[in-house]
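> Quick one: structure below, then a few questions.
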Amino acid sequence: MRIGIKVSTRRFVLLDADEIYFLESDDHDTWIRTARKTRVRSVRSLGELDKALKPHGFARVHKSYLFNLDRVREVRLRKGDDNDWG
């Protein structure tokens, strides 16, 4: 299924939900990382995108990250910190 990502007030980019790996909130920007290793900046908040992408298998794993669970292979702790997932 294709998702319309608003990248400016006058421009949308269409992406297949399955080509999106994860989304990251960075201050006032939301960055979308795709299978082609490109980054797309969205003007929509991570919260708005969370609601739109939840039916497509995405999950909010942190206040700043939204992942496509179909793309996750492994989750592990970073070395040296029992609370730092990477």
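Going through the structure tokens in order, the chains are called A, B, and so on, while each chain numbers its residues from 1 and the ligands are numbered from 1 in the order shown.
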So that I can see what lies close to A:Met1, please list as a list in words the residues with an atom at most 12 Å from it, counting only C-alpha atoms and leaving out residues fewer than 2 positions away in the same chain.
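Final neighbour list, sorted by chain and number: Ile3, Gly4, Leu14, Leu15, Asp16, Ala17, Asp18, Glu19, Ile20, Ala52, Leu53, Pro55, His56 and Gly57 of chain A.
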> Please produce a file of those selected residues containing N, CA and C atoms, as a short mmCIF file (atom, residue, chain, number, x, y, z; two decimals), in the first residue's frame.

```cif
data_model
loop_
_atom_site.label_atom_id
_atom_site.label_comp_id
_atom_site.auth_asym_id
_atom_site.auth_seq_id
_atom_site.Cartn_x
_atom_site.Cartn_y
_atom_site.Cartn_z
N ILE A 3 1.71 5.20 0.71
CA ILE A 3 1.41 6.19 1.72
C ILE A 3 1.86 7.55 1.19
N GLY A 4 0.99 8.57 1.30
CA GLY A 4 1.36 9.92 0.91
C GLY A 4 2.08 10.61 2.06
N LEU A 14 4.96 9.78 -2.61
CA LEU A 14 4.29 8.51 -2.38
C LEU A 14 5.32 7.42 -2.13
N LEU A 15 5.18 6.72 -1.00
CA LEU A 15 6.08 5.63 -0.65
C LEU A 15 5.26 4.38 -0.37
N ASP A 16 5.80 3.23 -0.73
CA ASP A 16 5.19 1.98 -0.33
C ASP A 16 5.50 1.77 1.14
N ALA A 17 4.50 1.40 1.92
CA ALA A 17 4.71 1.20 3.36
C ALA A 17 5.80 0.18 3.61
N ASP A 18 5.88 -0.87 2.79
CA ASP A 18 6.88 -1.91 3.03
C ASP A 18 8.30 -1.48 2.68
N GLU A 19 8.49 -0.34 2.00
CA GLU A 19 9.85 0.13 1.72
C GLU A 19 10.37 1.07 2.81
N ILE A 20 9.52 1.40 3.78
CA ILE A 20 9.93 2.25 4.89
C ILE A 20 10.50 1.37 6.00
N ALA A 52 -1.17 7.05 11.20
CA ALA A 52 -1.38 6.67 9.79
C ALA A 52 -0.73 5.33 9.45
N LEU A 53 0.39 5.01 10.08
CA LEU A 53 1.15 3.80 9.72
C LEU A 53 0.87 2.59 10.60
N PRO A 55 -1.79 0.77 11.10
CA PRO A 55 -2.46 -0.34 10.42
C PRO A 55 -1.56 -1.09 9.43
N HIS A 56 -0.38 -0.54 9.13
CA HIS A 56 0.55 -1.15 8.18
C HIS A 56 1.71 -1.87 8.87
N GLY A 57 1.57 -2.13 10.18
CA GLY A 57 2.57 -2.91 10.89
C GLY A 57 3.68 -2.11 11.53
#
```
> May I have the residues within 8 Å of A:Lys6 as a PyMOL selection string, using only C-alpha atoms and disregarding those fewer than 2 positions away in the same chain?
chain A and resi 4+8-9+11-13+42-44
> Could the residues in this selection be written to a file with C-alpha atoms, as a CSV table (one decimal), in the first residue's frame?

```
chain,number,residue,atom,x,y,z
A,4,GLY,CA,1.4,9.9,0.9
A,8,SER,CA,6.3,20.6,2.2
A,9,THR,CA,3.1,22.7,2.1
A,11,ARG,CA,4.5,18.6,-2.2
A,12,PHE,CA,3.7,15.0,-1.3
A,13,VAL,CA,5.9,11.9,-1.9
A,42,SER,CA,8.2,14.9,6.5
A,43,VAL,CA,6.4,18.0,7.8
A,44,ARG,CA,4.0,15.8,9.7
```
> Taking only C-alpha atoms into account, which of A:Tyr21, A:Phe58, A:Asp50, A:Val75 comes nearest A:Arg36?
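The answer is A:Tyr21, which sits nearest to A:Arg36.
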> Work out how far apart atom CA of A:Thr38 and atom CA of A:Lys63 are and give it in Å to one decimal.
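If I compute the distance from atom CA of A:Thr38 to atom CA of A:Lys63, I get 22.0 Å.
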> Which of these residues is nearest to A:His62, using only C-alpha atoms: A:Ala35, A:Leu23, A:Asp29, A:Glu74?
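For A:His62, the nearest of the given residues is A:Leu23.
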> Using the chain letters and numbers from this document, which residues of stretch 14-82 of chain A does DSSP assign to helix (DSSP H, G or I), as a compact mmCIF listing (two decimals) with N, CA and C atoms, in the first residue's frame?

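Result file is part01.txt:
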```
# COMPACT_ATOMS: atom_id res chain seq x y z
N ALA A 17 4.50 1.40 1.92
CA ALA A 17 4.71 1.20 3.36
C ALA A 17 5.80 0.18 3.61
N ASP A 18 5.88 -0.87 2.79
CA ASP A 18 6.88 -1.91 3.03
C ASP A 18 8.30 -1.48 2.68
N GLU A 19 8.49 -0.34 2.00
CA GLU A 19 9.85 0.13 1.72
C GLU A 19 10.37 1.07 2.81
N LEU A 46 5.74 12.87 14.22
CA LEU A 46 5.86 11.43 14.38
C LEU A 46 4.55 10.85 14.92
N GLY A 47 3.87 11.60 15.77
CA GLY A 47 2.57 11.15 16.31
C GLY A 47 1.53 10.99 15.21
N GLU A 48 1.47 11.95 14.29
CA GLU A 48 0.53 11.86 13.17
C GLU A 48 0.85 10.66 12.28
N LEU A 49 2.14 10.48 12.00
CA LEU A 49 2.56 9.37 11.14
C LEU A 49 2.37 8.03 11.85
N ASP A 50 2.50 8.01 13.15
CA ASP A 50 2.25 6.80 13.93
C ASP A 50 0.81 6.33 13.71
N LYS A 51 -0.14 7.24 13.81
CA LYS A 51 -1.56 6.90 13.60
C LYS A 51 -1.80 6.41 12.18
N ALA A 52 -1.17 7.05 11.20
CA ALA A 52 -1.38 6.67 9.79
C ALA A 52 -0.73 5.33 9.45
N LEU A 53 0.39 5.01 10.08
CA LEU A 53 1.15 3.80 9.72
C LEU A 53 0.87 2.59 10.60
N LYS A 54 0.23 2.79 11.75
CA LYS A 54 -0.06 1.68 12.66
C LYS A 54 -0.78 0.52 11.96
N PRO A 55 -1.79 0.77 11.10
CA PRO A 55 -2.46 -0.34 10.42
C PRO A 55 -1.56 -1.09 9.43
N HIS A 56 -0.38 -0.54 9.13
CA HIS A 56 0.55 -1.15 8.18
C HIS A 56 1.71 -1.87 8.87
N LEU A 69 7.71 -3.15 11.73
CA LEU A 69 8.02 -4.43 12.38
C LEU A 69 8.33 -5.54 11.38
N ASP A 70 7.88 -5.41 10.15
CA ASP A 70 8.22 -6.40 9.13
C ASP A 70 9.69 -6.33 8.74
N ARG A 71 10.36 -5.24 9.07
CA ARG A 71 11.77 -5.05 8.74
C ARG A 71 12.71 -5.34 9.90
```
> With distances taken over only C-alpha atoms, which residue among A:Val7, A:Ile32, A:Ser25, A:Lys37 lies nearest A:Ser64?
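Looking only at the distances to A:Ser64, the closest residue turns out to be A:Ser25.
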> What is the distance between atom CA of A:Asp27 and atom CA of A:Arg39, in Å to one decimal?
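Atom CA of A:Asp27 sits 15.8 Å away from atom CA of A:Arg39.
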> Which of these, A:Ser45, A:Ala59, A:Ile5, A:Val40, has the shortest distance to A:His28 once you count only C-alpha atoms?
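Answer, going by the shortest atom-to-atom distance: A:Ser45.
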> Could you pull out all residues of chain A with a DSSP call of strand (DSSP E) and give them as a CSV table (one decimal) with C-alpha atoms, in the first residue's frame?

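The result, written out as part-v2.csv:
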```csv
chain,number,residue,atom,x,y,z
A,2,ARG,CA,1.3,3.5,-0.9
A,3,ILE,CA,1.4,6.2,1.7
A,4,GLY,CA,1.4,9.9,0.9
A,5,ILE,CA,4.1,11.7,2.8
A,6,LYS,CA,3.8,15.5,3.0
A,7,VAL,CA,7.2,16.9,2.6
A,8,SER,CA,6.3,20.6,2.2
A,11,ARG,CA,4.5,18.6,-2.2
A,12,PHE,CA,3.7,15.0,-1.3
A,13,VAL,CA,5.9,11.9,-1.9
A,14,LEU,CA,4.3,8.5,-2.4
A,15,LEU,CA,6.1,5.6,-0.7
A,16,ASP,CA,5.2,2.0,-0.3
A,20,ILE,CA,9.9,2.3,4.9
A,21,TYR,CA,12.3,0.9,7.5
A,22,PHE,CA,11.8,3.4,10.3
A,23,LEU,CA,10.9,7.0,11.2
A,24,GLU,CA,12.9,9.3,13.5
A,25,SER,CA,11.8,12.5,15.2
A,26,ASP,CA,14.6,15.1,15.3
A,29,ASP,CA,11.5,17.3,11.8
A,30,THR,CA,10.5,13.7,11.1
A,31,TRP,CA,12.9,11.7,9.0
A,32,ILE,CA,11.8,8.6,7.1
A,33,ARG,CA,14.5,6.0,6.2
A,34,THR,CA,13.6,3.8,3.3
A,39,ARG,CA,16.0,9.9,3.9
A,40,VAL,CA,12.8,11.8,3.3
A,41,ARG,CA,11.8,14.7,5.6
A,42,SER,CA,8.2,14.9,6.5
A,58,PHE,CA,4.5,0.0,12.4
A,59,ALA,CA,5.1,0.4,16.1
A,60,ARG,CA,6.3,3.2,18.3
A,61,VAL,CA,9.3,1.8,20.1
A,62,HIS,CA,10.5,5.1,21.6
A,65,TYR,CA,11.3,6.3,16.8
A,66,LEU,CA,8.6,4.4,14.8
A,67,PHE,CA,9.7,1.1,13.2
A,68,ASN,CA,8.2,-1.1,10.5
```
